[in-house]
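Some notes on the structure that comes next.
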Amino acid sequence: MVREALARLRARGLIETVNGSGTSVRQPDATFLADALVRHLRFAGVQGEWVARLYEARETIEVTTAKLAAVRATDADLRQLADQLEAMQRFRDDSLHWTAADLGFHLTVASASHNLFLSTLLTPLVKVIERGIRESHRSPESVEAGLQAHEAVLARLKARQPVEAGEAMLQHLRDSQDRFVAAFGAEAPE
């Protein structure tokens, strides 16, 4: 019975066993949190409302982080955001690198809010939609829309316009949700 419990904990990434050192508790990371979130959503039976609820949560967090970042972002934060946007432009034909830059942009906006709670809440949500970003990358229109949306957010952040930064993020997320639904329907991607 104890072995079965340890096996379950190991399978969920909560503990790790190292030969000669024993078993210890692992520090949860973003992947662990994202996996736990997806398991919880499936267990809770959210399937039909999954995308709408995901984007509702993203809007709540990301519009707020954009507004805060417009006020709190340092010059280093803004340079990092510009670097992420430049990577998106450079990798517009490379789904893997495009996705990493896109996710990096959103996580950097959250980090630039200088609110650890908000950036921590966003991390597993962004991890959950990673496949959706890769899939929407197949459409050249989605790539162009994504670039324009990220440029608009960054311009508002640089101009120190919190209301406008929040609005630019909201427009981007709503467009992203429409594209996510077009790629997957209302169900969560596996």
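Identifiers for the structure tokens are assigned positionally: chains receive A, B, ... in sequence, residues are indexed from 1 per chain, and ligands are indexed from 1 in the order shown.
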
DSSP on the backbone, then: every residue of chain A marked helix (DSSP H, G or I), written as a ChimeraX atom specification. /A:2-11,30-44,47-72,75-90,95-112,116-128,130-136,140-158,162-184

The selected residues should be written to file as a CSV table (one decimal), in the first residue's frame (atoms: C-alpha atoms).
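Result file follows (selection.csv):
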chain,number,residue,atom,x,y,z
A,2,VAL,CA,2.8,2.4,0.8
A,3,ARG,CA,4.6,1.5,-2.4
A,4,GLU,CA,1.5,2.2,-4.4
A,5,ALA,CA,1.1,5.6,-2.7
A,6,LEU,CA,4.8,6.4,-3.4
A,7,ALA,CA,4.3,5.3,-7.1
A,8,ARG,CA,1.4,7.7,-7.4
A,9,LEU,CA,3.2,10.6,-5.9
A,10,ARG,CA,6.2,9.8,-8.2
A,11,ALA,CA,3.9,9.7,-11.3
A,30,ALA,CA,5.2,25.4,-13.9
A,31,THR,CA,4.9,22.1,-15.8
A,32,PHE,CA,3.7,20.3,-12.6
A,33,LEU,CA,1.2,23.1,-11.9
A,34,ALA,CA,-0.1,23.0,-15.5
A,35,ASP,CA,-0.5,19.2,-15.3
A,36,ALA,CA,-2.3,19.5,-12.0
A,37,LEU,CA,-4.6,22.1,-13.4
A,38,VAL,CA,-5.5,20.0,-16.4
A,39,ARG,CA,-6.1,17.0,-14.2
A,40,HIS,CA,-8.3,19.0,-11.9
A,41,LEU,CA,-10.3,20.5,-14.8
A,42,ARG,CA,-10.9,17.0,-16.3
A,43,PHE,CA,-11.9,15.7,-12.9
A,44,ALA,CA,-14.3,18.6,-12.3
A,47,GLN,CA,-14.8,20.1,-20.7
A,48,GLY,CA,-17.5,22.0,-22.6
A,49,GLU,CA,-16.6,25.3,-20.9
A,50,TRP,CA,-12.9,24.7,-20.9
A,51,VAL,CA,-11.7,27.3,-23.4
A,52,ALA,CA,-14.1,30.0,-22.2
A,53,ARG,CA,-13.0,29.5,-18.6
A,54,LEU,CA,-9.3,29.5,-19.5
A,55,TYR,CA,-9.6,32.8,-21.4
A,56,GLU,CA,-11.7,34.3,-18.7
A,57,ALA,CA,-8.9,33.5,-16.2
A,58,ARG,CA,-6.3,34.8,-18.6
A,59,GLU,CA,-8.1,38.0,-19.2
A,60,THR,CA,-8.5,38.5,-15.4
A,61,ILE,CA,-4.8,38.0,-14.9
A,62,GLU,CA,-3.2,39.4,-18.1
A,63,VAL,CA,-5.2,42.6,-18.5
A,64,THR,CA,-4.3,43.4,-14.9
A,65,THR,CA,-0.6,42.5,-15.4
A,66,ALA,CA,-0.5,44.7,-18.6
A,67,LYS,CA,-1.9,47.7,-16.7
A,68,LEU,CA,0.5,47.2,-13.8
A,69,ALA,CA,3.5,46.7,-16.2
A,70,ALA,CA,2.7,50.0,-17.9
A,71,VAL,CA,3.3,51.7,-14.6
A,72,ARG,CA,6.0,49.4,-13.0
A,75,ASP,CA,13.9,49.6,-18.7
A,76,ALA,CA,15.3,46.0,-18.5
A,77,ASP,CA,11.7,44.6,-18.5
A,78,LEU,CA,10.9,46.7,-21.6
A,79,ARG,CA,14.1,45.5,-23.3
A,80,GLN,CA,13.2,41.9,-22.6
A,81,LEU,CA,9.7,42.4,-24.0
A,82,ALA,CA,11.3,44.0,-27.1
A,83,ASP,CA,13.6,41.0,-27.4
A,84,GLN,CA,10.7,38.6,-27.2
A,85,LEU,CA,8.8,40.5,-29.9
A,86,GLU,CA,11.9,40.5,-32.1
A,87,ALA,CA,12.2,36.7,-31.6
A,88,MET,CA,8.6,36.3,-32.7
A,89,GLN,CA,9.3,38.3,-35.8
A,90,ARG,CA,12.5,36.4,-36.5
A,95,SER,CA,6.5,27.1,-34.8
A,96,LEU,CA,8.6,25.9,-31.9
A,97,HIS,CA,10.6,29.1,-31.5
A,98,TRP,CA,7.6,31.3,-32.3
A,99,THR,CA,5.6,29.6,-29.5
A,100,ALA,CA,8.5,30.0,-27.0
A,101,ALA,CA,8.8,33.7,-27.8
A,102,ASP,CA,5.0,34.2,-27.6
A,103,LEU,CA,4.8,32.5,-24.3
A,104,GLY,CA,7.9,34.4,-23.1
A,105,PHE,CA,6.3,37.7,-24.0
A,106,HIS,CA,3.2,37.0,-21.9
A,107,LEU,CA,5.2,35.7,-19.0
A,108,THR,CA,7.5,38.8,-19.2
A,109,VAL,CA,4.5,41.2,-19.1
A,110,ALA,CA,3.4,39.4,-16.0
A,111,SER,CA,6.9,39.6,-14.5
A,112,ALA,CA,7.0,43.3,-15.4
A,116,LEU,CA,4.7,37.7,-7.9
A,117,PHE,CA,1.2,36.4,-7.2
A,118,LEU,CA,-0.1,37.3,-10.6
A,119,SER,CA,2.9,36.0,-12.5
A,120,THR,CA,2.8,32.8,-10.5
A,121,LEU,CA,-0.9,32.4,-11.4
A,122,LEU,CA,-0.3,33.0,-15.1
A,123,THR,CA,2.5,30.4,-15.5
A,124,PRO,CA,0.4,27.2,-15.5
A,125,LEU,CA,-2.3,28.8,-17.6
A,126,VAL,CA,0.2,29.8,-20.3
A,127,LYS,CA,1.7,26.3,-20.2
A,128,VAL,CA,-1.8,24.8,-20.8
A,130,GLU,CA,1.1,26.1,-25.5
A,131,ARG,CA,-0.2,23.6,-28.0
A,132,GLY,CA,-3.0,26.0,-29.0
A,133,ILE,CA,-0.3,28.6,-29.9
A,134,ARG,CA,1.6,26.1,-31.9
A,135,GLU,CA,-1.5,25.0,-33.8
A,136,SER,CA,-2.6,28.6,-34.5
A,140,PRO,CA,-0.2,33.1,-41.6
A,141,GLU,CA,-3.1,35.3,-40.7
A,142,SER,CA,-2.7,34.2,-37.0
A,143,VAL,CA,1.0,35.0,-37.1
A,144,GLU,CA,0.4,38.5,-38.5
A,145,ALA,CA,-2.4,39.1,-36.0
A,146,GLY,CA,-0.2,37.9,-33.1
A,147,LEU,CA,2.6,40.1,-34.1
A,148,GLN,CA,0.4,43.2,-34.4
A,149,ALA,CA,-1.3,42.5,-31.1
A,150,HIS,CA,2.0,42.0,-29.3
A,151,GLU,CA,3.4,45.2,-30.9
A,152,ALA,CA,0.3,47.1,-29.7
A,153,VAL,CA,0.7,45.8,-26.1
A,154,LEU,CA,4.4,46.7,-26.1
A,155,ALA,CA,3.8,50.2,-27.5
A,156,ARG,CA,1.3,50.9,-24.7
A,157,LEU,CA,3.7,49.6,-22.1
A,158,LYS,CA,6.5,51.8,-23.4
A,162,PRO,CA,-2.0,51.5,-18.3
A,163,VAL,CA,-5.6,51.6,-19.5
A,164,GLU,CA,-4.6,51.3,-23.1
A,165,ALA,CA,-2.1,48.5,-22.3
A,166,GLY,CA,-4.9,46.6,-20.6
A,167,GLU,CA,-7.2,47.2,-23.6
A,168,ALA,CA,-4.6,46.1,-26.1
A,169,MET,CA,-4.1,42.9,-24.1
A,170,LEU,CA,-7.8,42.3,-23.8
A,171,GLN,CA,-8.2,42.6,-27.6
A,172,HIS,CA,-5.3,40.3,-28.2
A,173,LEU,CA,-6.7,37.6,-25.8
A,174,ARG,CA,-10.2,37.8,-27.4
A,175,ASP,CA,-8.7,37.3,-30.8
A,176,SER,CA,-6.5,34.5,-29.5
A,177,GLN,CA,-9.6,32.8,-28.0
A,178,ASP,CA,-11.4,32.9,-31.3
A,179,ARG,CA,-8.4,31.4,-33.0
A,180,PHE,CA,-8.0,28.7,-30.3
A,181,VAL,CA,-11.7,27.7,-30.7
A,182,ALA,CA,-11.2,27.6,-34.5
A,183,ALA,CA,-8.3,25.2,-34.0
A,184,PHE,CA,-9.7,23.0,-31.3

Atom-to-atom span, atom CA of Ala159 of chain A and atom CA of Phe91 of chain A, Å: 26.0 Å

Looking only at strand (DSSP E) from DSSP on the backbone, list the matching residues of segment 3-169 of chain A as a list of chain:residue names. A:Ile15, A:Glu16, A:Thr17, A:Val18, A:Gly22, A:Thr23, A:Ser24, A:Val25

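Between atom CA of Ser113 of chain A and atom CA of His137 of chain A the separation is 27.1 Å.
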
Given only C-alpha atoms as the basis, pick out the residue of A:Asn19, A:Asp94, A:Ser139, A:Ala73 nearest to His114 of chain A.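 Going through A:Asn19, A:Asp94, A:Ser139, A:Ala73 one by one, the smallest distance to His114 of chain A is for A:Ala73.
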